[in-house]
file input.txt (compact mmCIF, C-alpha atoms)
# COMPACT_ATOMS: atom_id res chain seq x y z
CA MET A 52 3.50 9.51 -19.65
CA THR A 53 0.03 8.43 -18.65
CA THR A 54 -0.39 8.17 -14.88
CA LEU A 55 -0.26 4.48 -14.01
CA ILE A 56 -3.15 4.51 -11.58
CA ASN A 57 -5.57 6.93 -13.26
CA LYS A 58 -8.15 4.24 -13.96
CA TRP A 59 -8.22 2.81 -10.46
CA SER A 60 -10.90 5.31 -9.49
CA LYS A 61 -13.39 4.12 -12.12
CA ARG A 62 -16.76 3.19 -10.57
CA SER A 63 -19.35 0.78 -11.93
CA ASP A 64 -22.51 2.20 -13.51
CA ASP A 65 -24.64 -0.33 -11.67
CA ALA A 66 -23.45 0.65 -8.17
CA ASN A 67 -27.01 1.25 -6.97
CA GLU A 68 -28.11 -2.18 -8.14
CA VAL A 69 -25.18 -3.81 -6.35
CA SER A 70 -26.01 -1.89 -3.18
CA MET A 71 -29.61 -3.12 -3.32
CA GLN A 72 -28.37 -6.67 -3.81
CA ASP A 73 -26.11 -6.33 -0.78
CA ASP A 74 -28.99 -5.02 1.31
CA HIS A 75 -31.08 -7.99 0.23
CA PHE A 76 -28.45 -10.50 1.30
CA LEU A 77 -27.73 -8.57 4.48
CA GLU A 78 -31.38 -8.81 5.52
CA ARG A 79 -31.30 -12.55 4.89
CA ALA A 80 -28.01 -12.88 6.77
CA ILE A 81 -29.52 -11.14 9.79
CA ARG A 82 -32.17 -13.85 9.76
CA GLY A 83 -29.37 -16.41 9.82
CA GLU A 84 -29.73 -17.76 6.28
CA ARG A 85 -26.58 -19.68 5.40
CA THR A 86 -26.59 -18.80 1.69
CA ALA A 87 -26.61 -15.10 2.55
CA LEU A 88 -23.74 -15.50 5.00
CA VAL A 89 -21.75 -17.37 2.36
CA TYR A 90 -22.45 -14.58 -0.13
CA LEU A 91 -21.08 -11.94 2.25
CA VAL A 92 -17.96 -13.99 2.97
CA LYS A 93 -17.23 -14.59 -0.72
CA LYS A 94 -17.75 -10.95 -1.62
CA TYR A 95 -15.65 -9.35 1.11
CA LYS A 96 -13.04 -11.93 2.13
CA ASP A 97 -10.37 -10.90 -0.39
CA LEU A 98 -10.04 -7.27 0.69
CA ALA A 99 -10.50 -8.32 4.32
CA TYR A 100 -7.47 -10.55 3.86
CA THR A 101 -5.54 -7.74 2.17
CA VAL A 102 -6.13 -5.52 5.21
CA ALA A 103 -5.27 -8.29 7.66
CA ILE A 104 -2.08 -9.49 5.94
CA LYS A 105 -0.64 -5.99 5.80
CA VAL A 106 -1.13 -5.55 9.54
CA VAL A 107 -0.13 -8.98 10.85
CA ALA A 108 2.37 -9.82 8.06
CA ASN A 109 1.74 -13.54 8.37
CA ARG A 110 -0.54 -15.68 6.20
CA GLU A 111 -1.65 -17.98 8.99
CA ASP A 112 -2.42 -15.10 11.34
CA ALA A 113 -4.15 -13.14 8.58
CA GLU A 114 -6.45 -16.06 7.81
CA GLU A 115 -7.24 -16.37 11.50
CA VAL A 116 -7.93 -12.64 11.75
CA VAL A 117 -10.34 -12.74 8.79
CA GLN A 118 -12.15 -15.75 10.21
CA ASP A 119 -12.45 -14.16 13.65
CA ALA A 120 -13.61 -10.86 12.14
CA PHE A 121 -16.39 -12.51 10.14
CA MET A 122 -17.49 -14.46 13.22
CA LYS A 123 -17.60 -11.23 15.25
CA ALA A 124 -19.50 -9.42 12.50
CA PHE A 125 -22.05 -12.20 12.03
CA ALA A 126 -22.56 -12.50 15.78
CA SER A 127 -23.35 -8.78 15.92
CA LEU A 128 -25.44 -8.43 12.75
CA ARG A 129 -28.61 -7.66 14.67
CA GLU A 130 -26.81 -4.73 16.34
CA PHE A 131 -25.56 -3.35 13.02
CA ARG A 132 -27.39 -0.01 12.69
CA ARG A 133 -26.32 0.77 9.12
CA ALA A 134 -24.83 4.11 10.03
CA SER A 135 -22.20 3.02 7.52
CA LYS A 136 -21.96 0.38 4.80
CA PHE A 137 -21.65 -3.22 5.90
CA SER A 138 -18.25 -3.50 4.18
CA THR A 139 -16.94 -0.41 5.99
CA TRP A 140 -18.14 -1.82 9.31
CA LEU A 141 -16.62 -5.23 8.50
CA TYR A 142 -13.21 -3.87 7.47
CA ARG A 143 -13.09 -1.85 10.69
CA ILE A 144 -13.62 -5.09 12.62
CA VAL A 145 -10.89 -6.77 10.55
CA TYR A 146 -8.47 -3.92 11.20
CA ASN A 147 -9.13 -3.89 14.96
CA THR A 148 -8.87 -7.68 15.14
CA ALA A 149 -5.54 -7.54 13.32
CA LEU A 150 -4.22 -4.86 15.68
CA THR A 151 -5.23 -7.01 18.65
CA LYS A 152 -3.38 -9.95 17.10
CA ILE A 153 -0.08 -8.09 16.73
CA SER A 154 -0.38 -6.48 20.15
CA ARG A 155 -0.54 -9.96 21.64
CA ARG A 156 2.61 -11.19 19.94
CA LYS A 157 4.42 -7.84 20.12
CA LEU A 158 5.29 -7.89 16.44
CA VAL A 159 5.45 -4.52 14.72
CA THR A 160 7.40 -5.27 11.55
CA VAL A 161 5.83 -6.01 8.20
CA ASP A 162 7.01 -8.89 6.03
CA ILE A 163 6.43 -7.75 2.47
CA ASP A 164 6.96 -11.26 1.09
CA GLY A 165 4.10 -12.57 3.22
CA GLN A 166 1.39 -10.30 1.88
CA ASN A 167 -1.40 -11.46 -0.39
CA GLU A 168 -0.98 -11.11 -4.14
CA THR A 169 -3.27 -8.19 -4.92
CA ASP A 170 -5.23 -8.54 -8.10
CA VAL A 171 -5.46 -4.86 -9.08
CA CYS A 172 -6.71 -3.86 -12.49
CA VAL A 173 -4.24 -1.17 -13.61
CA SER A 174 -3.67 -0.19 -17.21
CA ARG A 175 -1.67 2.42 -19.06
CA THR A 176 -1.32 3.48 -22.66
CA ASP A 177 2.44 3.64 -22.43
CA GLN A 178 4.03 1.06 -24.77
CA GLN A 179 6.51 -0.06 -22.11
CA PHE A 180 3.78 -1.39 -19.85
CA ASP A 181 2.06 -3.05 -22.81
CA LEU A 182 5.22 -5.06 -23.51
CA LEU A 183 4.74 -6.99 -20.31
CA GLU A 184 2.49 -10.03 -19.98
CA HIS A 185 -0.48 -9.84 -17.61
CA ALA A 186 1.27 -11.97 -14.97
CA GLU A 187 4.30 -9.70 -15.14
CA ARG A 188 2.13 -6.62 -14.66
CA LYS A 189 0.62 -8.11 -11.52
CA LYS A 190 4.09 -8.98 -10.25
CA TYR A 191 5.36 -5.42 -10.61
CA ILE A 192 2.23 -3.88 -9.11
CA HIS A 193 2.65 -6.24 -6.16
CA LEU A 194 6.31 -5.26 -5.78
CA ALA A 195 5.48 -1.56 -5.96
CA LEU A 196 2.71 -1.86 -3.38
CA GLY A 197 5.15 -3.65 -1.10
CA LYS A 198 7.32 -0.53 -1.02
CA LEU A 199 4.58 1.50 0.67
CA SER A 200 4.30 1.88 4.41
CA ARG A 201 1.63 -0.19 6.15
CA ASP A 202 -0.85 2.68 6.51
CA ASP A 203 -0.23 4.05 3.01
CA TYR A 204 -0.75 0.55 1.62
CA LEU A 205 -4.03 0.16 3.49
CA VAL A 206 -5.33 3.56 2.37
CA ILE A 207 -4.41 2.89 -1.28
CA SER A 208 -5.92 -0.62 -1.18
CA LEU A 209 -9.17 0.44 0.48
CA HIS A 210 -9.64 3.41 -1.84
CA TYR A 211 -8.72 1.88 -5.21
CA ILE A 212 -9.43 -1.81 -4.67
CA GLY A 213 -12.21 -1.57 -2.10
CA GLU A 214 -13.63 1.62 -3.68
CA LYS A 215 -13.98 3.21 -0.26
CA SER A 216 -14.47 6.94 0.13
CA ILE A 217 -12.13 9.01 2.28
CA ALA A 218 -14.84 9.23 4.95
CA GLU A 219 -15.23 5.45 5.00
CA ILE A 220 -11.47 4.92 5.25
CA CYS A 221 -11.44 7.30 8.22
CA GLN A 222 -13.97 5.02 9.93
CA ILE A 223 -12.10 1.82 9.10
CA LEU A 224 -8.62 2.98 10.10
CA ASP A 225 -9.68 5.50 12.76
CA MET A 226 -7.79 8.30 11.04
CA LYS A 227 -8.55 11.96 10.51
CA LYS A 228 -9.61 13.05 7.04
CA SER A 229 -6.45 15.14 6.58
CA ALA A 230 -4.28 12.11 7.41
CA VAL A 231 -6.12 9.89 4.92
CA LYS A 232 -5.87 12.52 2.17
CA MET A 233 -2.16 12.97 2.85
CA ARG A 234 -1.50 9.21 2.75
CA LEU A 235 -3.59 8.82 -0.39
CA LEU A 236 -1.66 11.55 -2.20
CA ARG A 237 1.71 10.33 -0.96
CA GLY A 238 0.88 6.70 -1.69
CA ARG A 239 -0.21 7.47 -5.26
CA LYS A 240 3.00 9.38 -5.98
CA GLN A 241 5.22 6.73 -4.45
CA LEU A 242 3.39 3.90 -6.17
CA GLN A 243 3.74 5.59 -9.55
CA ALA A 244 7.43 6.28 -8.94
CA GLU A 245 8.08 2.68 -7.87
CA LEU A 246 6.25 1.27 -10.89
CA GLU A 247 8.07 3.55 -13.29
CA ALA A 248 11.44 2.60 -11.78
CA LEU A 249 10.66 -1.13 -11.92
CA LEU A 250 9.33 -0.92 -15.47
CA SER A 251 12.28 1.12 -16.71
CA LEU A 252 14.62 -1.58 -15.41
CA GLU A 253 12.48 -4.29 -17.03
CA ILE A 254 12.46 -2.55 -20.39
CA ARG A 255 16.24 -2.11 -20.29
CA ASN A 256 16.58 -5.84 -19.66
CA LEU A 257 14.29 -6.62 -22.60
CA LEU A 258 16.26 -4.51 -25.08
call {"tool": "encode", "arguments": {"input": "input.txt", "output": "structure tokens"}}
result
Amino acid sequence: MTTLINKWSKRSDDANEVSMQDDHFLERAIRGERTALVYLVKKYKDLAYTVAIKVVANREDAEEVVQDAFMKAFASLREFRRASKFSTWLYRIVYNTALTKISRRKLVTVDIDGQNETDVCVSRTDQQFDLLEHAERKKYIHLALGKLSRDDYLVISLHYIGEKSIAEICQILDMKKSAVKMRLLRGRKQLQAELEALLSLEIRNLL
């Protein structure tokens, strides 16, 4: 059976062009141009929310965390030294802001039902998966992701959705490289197992 998440690691051929475009808008944002700030928000808000919702487990709090994180980032743009990518720096701010939020309300549990619906492009050649409609595929991916621990979920999301390298994830989540690699490997295996179990049940119900 084809591994369900093999194609998550595909990278765009025009990555360099995108990076140059980001740099262009970042320079304009540093000068305070509104259109550039809007561009950065639109481009990075979805994954920022994905990180926030998994930590705070509450839509209202997650939205507040994302808003606060962008405000902090924009207020500090002139101090951004580009030792890392802007997105890596931003997601680190989001993560820290989310941790501060839960430390204030002393909530450490994660409400799976409250997390954002992750639009992940996953495909497989297996006929079972092809029997499901697109909306159904998203539903089962969402359910499978919800089975992961908070940190495994964040590592998987940042790597496959955010296309972050292991080194960048280490910066964002303040983890050692060995810990990120372990969570990435474990998360991939668990995600595949959960998807296969869910899909097997679905196919049995269809027959």
call {"tool": "closest_residue", "arguments": {"input": "input.txt", "among": "A:Leu249, A:Leu77, A:Leu88, A:Leu224", "to": "A:Leu205", "atoms": "all atoms listed in the file"}}
result
A:Leu224
call {"tool": "closest_residue", "arguments": {"input": "input.txt", "among": "A:Tyr100, A:Val107, A:Val145, A:Leu199", "to": "A:Met122", "atoms": "all atoms listed in the file"}}
result
A:Val145
call {"tool": "axis_aligned_box", "arguments": {"input": "input.txt", "around": "stretch 204-211 of chain A", "padding_each_side": "3 Å", "output": "JSON"}}
result
{"center_x": -5.2, "center_y": 1.5, "center_z": -0.9, "size_x": 14.9, "size_y": 10.2, "size_z": 14.7}
call {"tool": "atom_distance", "arguments": {"input": "input.txt", "atom1": "atom CA of A:Leu236", "atom2": "atom CA of A:Thr139"}}
result
21.1 Å
call {"tool": "closest_residue", "arguments": {"input": "input.txt", "among": "A:Thr86, A:Glu78, A:Tyr95, A:Asn147", "to": "A:Phe131", "atoms": "only C-alpha atoms"}}
result
A:Glu78
call {"tool": "atom_distance", "arguments": {"input": "input.txt", "atom1": "atom CA of A:Glu247", "atom2": "atom CA of A:Leu196"}}
result
12.5 Å
call {"tool": "atom_distance", "arguments": {"input": "input.txt", "atom1": "atom CA of A:Lys198", "atom2": "atom CA of A:Tyr146"}}
result
20.3 Å
call {"tool": "closest_residue", "arguments": {"input": "input.txt", "among": "A:Lys93, A:Ile217, A:Ala124, A:Thr151", "to": "A:Ala230", "atoms": "all atoms listed in the file"}}
result
A:Ile217
call {"tool": "residues_around", "arguments": {"input": "input.txt", "residues": "stretch 218-222 of chain A", "least_positions_apart": "3", "cutoff": "10 Å", "atoms": "only C-alpha atoms", "output": "VMD selection string"}}
result
chain A and resid 135 to 136 138 to 140 142 to 143 205 to 207 209 to 210 213 to 215 225 to 232
